[in-house]
file entry.cif (mmCIF, C-alpha atoms)
data_model
loop_
_atom_site.label_atom_id
_atom_site.label_comp_id
_atom_site.auth_asym_id
_atom_site.auth_seq_id
_atom_site.Cartn_x
_atom_site.Cartn_y
_atom_site.Cartn_z
CA VAL A 1 98.45 94.41 107.36
CA GLY A 2 94.67 94.20 107.07
CA ALA A 3 91.80 94.21 104.64
CA LEU A 4 90.91 97.06 102.32
CA HIS A 5 87.38 98.37 102.89
CA GLU A 6 85.36 100.98 101.07
CA ILE A 7 83.14 102.76 103.58
CA ALA A 8 80.90 105.61 102.45
CA GLY A 9 83.13 106.15 99.40
CA ARG A 10 86.31 106.22 101.53
CA MET A 11 89.01 103.55 101.32
CA GLU A 12 90.65 102.33 104.53
CA ILE A 13 92.61 99.39 105.89
CA GLY A 14 91.11 97.51 108.82
CA ALA A 15 90.51 94.08 110.23
CA PRO A 16 88.66 91.61 107.99
CA LYS A 17 84.89 91.64 108.52
CA THR A 18 84.93 88.00 109.62
CA GLY A 19 87.53 85.32 110.25
CA ALA A 20 86.71 83.91 106.81
CA GLY A 21 88.13 87.09 105.29
CA GLU A 22 91.60 86.36 106.61
CA ARG A 23 93.63 84.12 104.33
CA ARG A 24 97.16 82.94 103.88
CA VAL A 25 98.39 83.06 100.32
CA HIS A 26 100.87 80.31 99.51
CA LEU A 27 103.22 81.35 96.74
CA PRO A 28 105.67 79.23 94.79
CA PRO A 29 109.25 80.25 95.59
CA PHE A 30 109.85 81.81 92.15
CA LEU A 31 106.84 84.11 92.58
CA ALA A 32 107.82 85.09 96.12
CA THR A 33 111.25 86.06 94.72
CA LEU A 34 109.71 88.10 91.90
CA LEU A 35 107.39 89.93 94.30
CA ALA A 36 110.27 90.69 96.69
CA GLU A 37 112.31 92.10 93.78
CA HIS A 38 109.33 94.18 92.67
CA LEU A 39 108.91 95.59 96.20
CA GLU A 40 112.56 96.68 96.31
CA GLU A 41 112.00 98.92 93.27
CA HIS A 42 108.38 99.85 94.06
CA PRO A 43 108.09 103.41 95.44
CA TYR A 44 104.84 102.82 97.37
CA PRO A 45 104.12 101.07 100.68
CA TYR A 46 101.61 98.64 99.13
CA LEU A 47 102.44 96.08 96.48
CA PHE A 48 99.51 96.40 94.07
CA THR A 49 98.59 100.03 93.51
CA GLY A 50 97.34 102.39 90.87
CA GLU A 51 99.81 104.38 88.78
CA ARG A 52 100.17 107.05 91.49
CA GLY A 53 100.37 104.63 94.42
CA GLY A 54 96.72 104.69 95.46
CA TRP A 55 94.65 101.67 96.39
CA LEU A 56 92.79 99.91 93.60
CA ARG A 57 89.04 99.63 93.96
CA ARG A 58 87.75 96.24 92.81
CA SER A 59 85.82 97.70 89.86
CA VAL A 60 88.81 99.81 88.75
CA PHE A 61 91.16 96.83 88.97
CA ARG A 62 88.81 94.71 86.87
CA LYS A 63 88.28 97.34 84.16
CA GLN A 64 91.74 98.88 83.98
CA VAL A 65 94.02 95.95 84.83
CA TRP A 66 92.43 92.50 84.71
CA LEU A 67 90.28 92.68 81.56
CA PRO A 68 93.03 94.35 79.45
CA ALA A 69 95.53 91.74 80.70
CA LEU A 70 93.17 88.96 79.66
CA ALA A 71 92.66 90.49 76.22
CA GLY A 72 96.27 91.51 75.57
CA ASP A 73 97.27 94.45 73.39
CA PRO A 74 99.16 93.41 70.23
CA GLY A 75 100.22 97.01 69.52
CA HIS A 76 101.61 97.80 73.00
CA ALA A 77 105.24 98.95 73.21
CA ASP A 78 105.90 96.59 76.16
CA PRO A 79 106.21 93.03 74.77
CA GLY A 80 104.94 91.64 78.09
CA ARG A 81 101.59 93.33 77.53
CA ARG A 82 101.03 92.19 73.93
CA ALA A 83 99.82 88.63 74.51
CA PRO A 84 96.78 87.77 76.62
CA VAL A 85 97.73 86.61 80.14
CA LEU A 86 96.05 83.23 79.73
CA GLY A 87 97.41 82.80 76.22
CA ARG A 88 101.06 82.56 77.27
#

call {"tool": "encode", "arguments": {"input": "entry.cif", "output": "structure tokens"}}
result
Amino acid sequence: VGALHEIAGRMEIGAPKTGAGERRVHLPPFLATLLAEHLEEHPYPYLFTGERGGWLRRSVFRKQVWLPALAGDPGHADPGRRAPVLGR
């Protein structure tokens, strides 16, 4: 589809800045299947979004998604979120 850019505080999809910004992501078959299943139930046009379907800024993703996933949350109601991602 394109690359996500933040320009003057505005998020937009456009061509990658250089050819080096365009990459193919090779997924193992099991992960491709899981992502396809997720997309069927996902109400937004993009796969990885915020809670209301908006694009995730890099800093927001790191603070609100990645770092908590790395740390885990032993008291979380969802068992999948209790253990650290790398500790599984």

call {"tool": "residues_around", "arguments": {"input": "entry.cif", "residues": "stretch 54-56 of chain A", "least_positions_apart": "4", "cutoff": "9 Å", "atoms": "all atoms listed in the file", "output": "compact mmCIF listing (two decimals) with C-alpha atoms, in the coordinates of the input"}}
result
# COMPACT_ATOMS: atom_id res chain seq x y z
CA LEU A 4 90.91 97.06 102.32
CA MET A 11 89.01 103.55 101.32
CA TYR A 44 104.84 102.82 97.37
CA TYR A 46 101.61 98.64 99.13
CA PHE A 48 99.51 96.40 94.07
CA THR A 49 98.59 100.03 93.51
CA GLY A 50 97.34 102.39 90.87
CA VAL A 60 88.81 99.81 88.75
CA PHE A 61 91.16 96.83 88.97

call {"tool": "closest_residue", "arguments": {"input": "entry.cif", "among": "A:Thr33, A:Arg57, A:Ala71, A:Arg23", "to": "A:Ile7", "atoms": "all atoms listed in the file"}}
result
A:Arg57

call {"tool": "axis_aligned_box", "arguments": {"input": "entry.cif", "around": "stretch 18-28 of chain A", "padding_each_side": "3 Å", "output": "JSON"}}
result
{"center_x": 95.3, "center_y": 83.6, "center_z": 102.5, "size_x": 26.7, "size_y": 14.8, "size_z": 21.5}

call {"tool": "resolve_selection", "arguments": {"input": "entry.cif", "expression": "the PyMOL selection byres ((chain A and resi 17) around 12)", "output": "PyMOL selection string"}}
result
chain A and resi 2-6+13-16+18-22

call {"tool": "residues_around", "arguments": {"input": "entry.cif", "residues": "stretch 72-75 of chain A", "least_positions_apart": "4", "cutoff": "10 Å", "atoms": "only C-alpha atoms", "output": "count of residues only"}}
result
12

call {"tool": "atom_distance", "arguments": {"input": "entry.cif", "atom1": "atom CA of A:Asp78", "atom2": "atom CA of A:Arg58"}}
result
24.6 Å

call {"tool": "atom_distance", "arguments": {"input": "entry.cif", "atom1": "atom CA of A:Leu47", "atom2": "atom CA of A:Leu31"}}
result
13.3 Å

call {"tool": "atom_distance", "arguments": {"input": "entry.cif", "atom1": "atom CA of A:Lys63", "atom2": "atom CA of A:Glu51"}}
result
14.3 Å

call {"tool": "build_atoms", "arguments": {"input": "entry.cif", "residues": "stretch 69-80 of chain A", "atoms": "all heavy atoms", "output": "PDB file, in the coordinates of the input"}}
result
ATOM      1  N   ALA A  69      94.507  92.791  80.637  1.00  0.00           N
ATOM      2  CA  ALA A  69      95.530  91.740  80.700  1.00  0.00           C
ATOM      3  C   ALA A  69      95.012  90.455  80.056  1.00  0.00           C
ATOM      4  O   ALA A  69      95.758  89.748  79.368  1.00  0.00           O
ATOM      5  CB  ALA A  69      95.935  91.476  82.144  1.00  0.00           C
ATOM      6  N   LEU A  70      93.752  90.156  80.272  1.00  0.00           N
ATOM      7  CA  LEU A  70      93.170  88.960  79.660  1.00  0.00           C
ATOM      8  C   LEU A  70      93.108  89.088  78.145  1.00  0.00           C
ATOM      9  O   LEU A  70      93.310  88.122  77.419  1.00  0.00           O
ATOM     10  CB  LEU A  70      91.770  88.699  80.213  1.00  0.00           C
ATOM     11  CG  LEU A  70      91.699  88.212  81.652  1.00  0.00           C
ATOM     12  CD1 LEU A  70      90.246  88.086  82.088  1.00  0.00           C
ATOM     13  CD2 LEU A  70      92.421  86.897  81.827  1.00  0.00           C
ATOM     14  N   ALA A  71      92.810  90.276  77.664  1.00  0.00           N
ATOM     15  CA  ALA A  71      92.660  90.490  76.220  1.00  0.00           C
ATOM     16  C   ALA A  71      94.006  90.637  75.518  1.00  0.00           C
ATOM     17  O   ALA A  71      94.165  90.250  74.370  1.00  0.00           O
ATOM     18  CB  ALA A  71      91.810  91.739  75.972  1.00  0.00           C
ATOM     19  N   GLY A  72      95.001  91.212  76.208  1.00  0.00           N
ATOM     20  CA  GLY A  72      96.270  91.510  75.570  1.00  0.00           C
ATOM     21  C   GLY A  72      96.139  92.738  74.682  1.00  0.00           C
ATOM     22  O   GLY A  72      95.034  93.201  74.396  1.00  0.00           O
ATOM     23  N   ASP A  73      97.258  93.272  74.262  1.00  0.00           N
ATOM     24  CA  ASP A  73      97.270  94.450  73.390  1.00  0.00           C
ATOM     25  C   ASP A  73      98.410  94.286  72.388  1.00  0.00           C
ATOM     26  O   ASP A  73      99.549  94.644  72.673  1.00  0.00           O
ATOM     27  CB  ASP A  73      97.469  95.710  74.248  1.00  0.00           C
ATOM     28  CG  ASP A  73      97.447  96.986  73.417  1.00  0.00           C
ATOM     29  OD1 ASP A  73      97.329  96.905  72.179  1.00  0.00           O
ATOM     30  OD2 ASP A  73      97.556  98.067  74.020  1.00  0.00           O
ATOM     31  N   PRO A  74      98.101  93.710  71.212  1.00  0.00           N
ATOM     32  CA  PRO A  74      99.160  93.410  70.230  1.00  0.00           C
ATOM     33  C   PRO A  74     100.004  94.623  69.831  1.00  0.00           C
ATOM     34  O   PRO A  74     101.147  94.467  69.458  1.00  0.00           O
ATOM     35  CB  PRO A  74      98.390  92.879  69.024  1.00  0.00           C
ATOM     36  CG  PRO A  74      97.055  92.493  69.539  1.00  0.00           C
ATOM     37  CD  PRO A  74      96.783  93.343  70.737  1.00  0.00           C
ATOM     38  N   GLY A  75      99.471  95.827  69.930  1.00  0.00           N
ATOM     39  CA  GLY A  75     100.220  97.010  69.520  1.00  0.00           C
ATOM     40  C   GLY A  75     100.983  97.689  70.644  1.00  0.00           C
ATOM     41  O   GLY A  75     101.608  98.719  70.428  1.00  0.00           O
ATOM     42  N   HIS A  76     100.963  97.144  71.856  1.00  0.00           N
ATOM     43  CA  HIS A  76     101.610  97.800  73.000  1.00  0.00           C
ATOM     44  C   HIS A  76     103.129  97.766  72.859  1.00  0.00           C
ATOM     45  O   HIS A  76     103.699  96.797  72.378  1.00  0.00           O
ATOM     46  CB  HIS A  76     101.188  97.123  74.308  1.00  0.00           C
ATOM     47  CG  HIS A  76     101.396  97.999  75.489  1.00  0.00           C
ATOM     48  ND1 HIS A  76     102.633  98.197  76.058  1.00  0.00           N
ATOM     49  CD2 HIS A  76     100.532  98.757  76.201  1.00  0.00           C
ATOM     50  CE1 HIS A  76     102.515  99.024  77.083  1.00  0.00           C
ATOM     51  NE2 HIS A  76     101.250  99.378  77.190  1.00  0.00           N
ATOM     52  N   ALA A  77     103.776  98.855  73.290  1.00  0.00           N
ATOM     53  CA  ALA A  77     105.240  98.950  73.210  1.00  0.00           C
ATOM     54  C   ALA A  77     105.930  97.921  74.099  1.00  0.00           C
ATOM     55  O   ALA A  77     107.013  97.442  73.777  1.00  0.00           O
ATOM     56  CB  ALA A  77     105.682 100.360  73.594  1.00  0.00           C
ATOM     57  N   ASP A  78     105.330  97.564  75.226  1.00  0.00           N
ATOM     58  CA  ASP A  78     105.900  96.590  76.160  1.00  0.00           C
ATOM     59  C   ASP A  78     105.539  95.187  75.680  1.00  0.00           C
ATOM     60  O   ASP A  78     104.367  94.816  75.680  1.00  0.00           O
ATOM     61  CB  ASP A  78     105.344  96.839  77.558  1.00  0.00           C
ATOM     62  CG  ASP A  78     105.871  95.862  78.597  1.00  0.00           C
ATOM     63  OD1 ASP A  78     106.548  94.882  78.231  1.00  0.00           O
ATOM     64  OD2 ASP A  78     105.573  96.077  79.793  1.00  0.00           O
ATOM     65  N   PRO A  79     106.517  94.367  75.271  1.00  0.00           N
ATOM     66  CA  PRO A  79     106.210  93.030  74.770  1.00  0.00           C
ATOM     67  C   PRO A  79     105.431  92.174  75.777  1.00  0.00           C
ATOM     68  O   PRO A  79     104.648  91.327  75.392  1.00  0.00           O
ATOM     69  CB  PRO A  79     107.585  92.414  74.501  1.00  0.00           C
ATOM     70  CG  PRO A  79     108.528  93.536  74.412  1.00  0.00           C
ATOM     71  CD  PRO A  79     107.943  94.652  75.242  1.00  0.00           C
ATOM     72  N   GLY A  80     105.644  92.406  77.061  1.00  0.00           N
ATOM     73  CA  GLY A  80     104.940  91.640  78.090  1.00  0.00           C
ATOM     74  C   GLY A  80     103.453  91.913  78.134  1.00  0.00           C
ATOM     75  O   GLY A  80     102.688  91.165  78.746  1.00  0.00           O
TER      76      GLY A  80
END
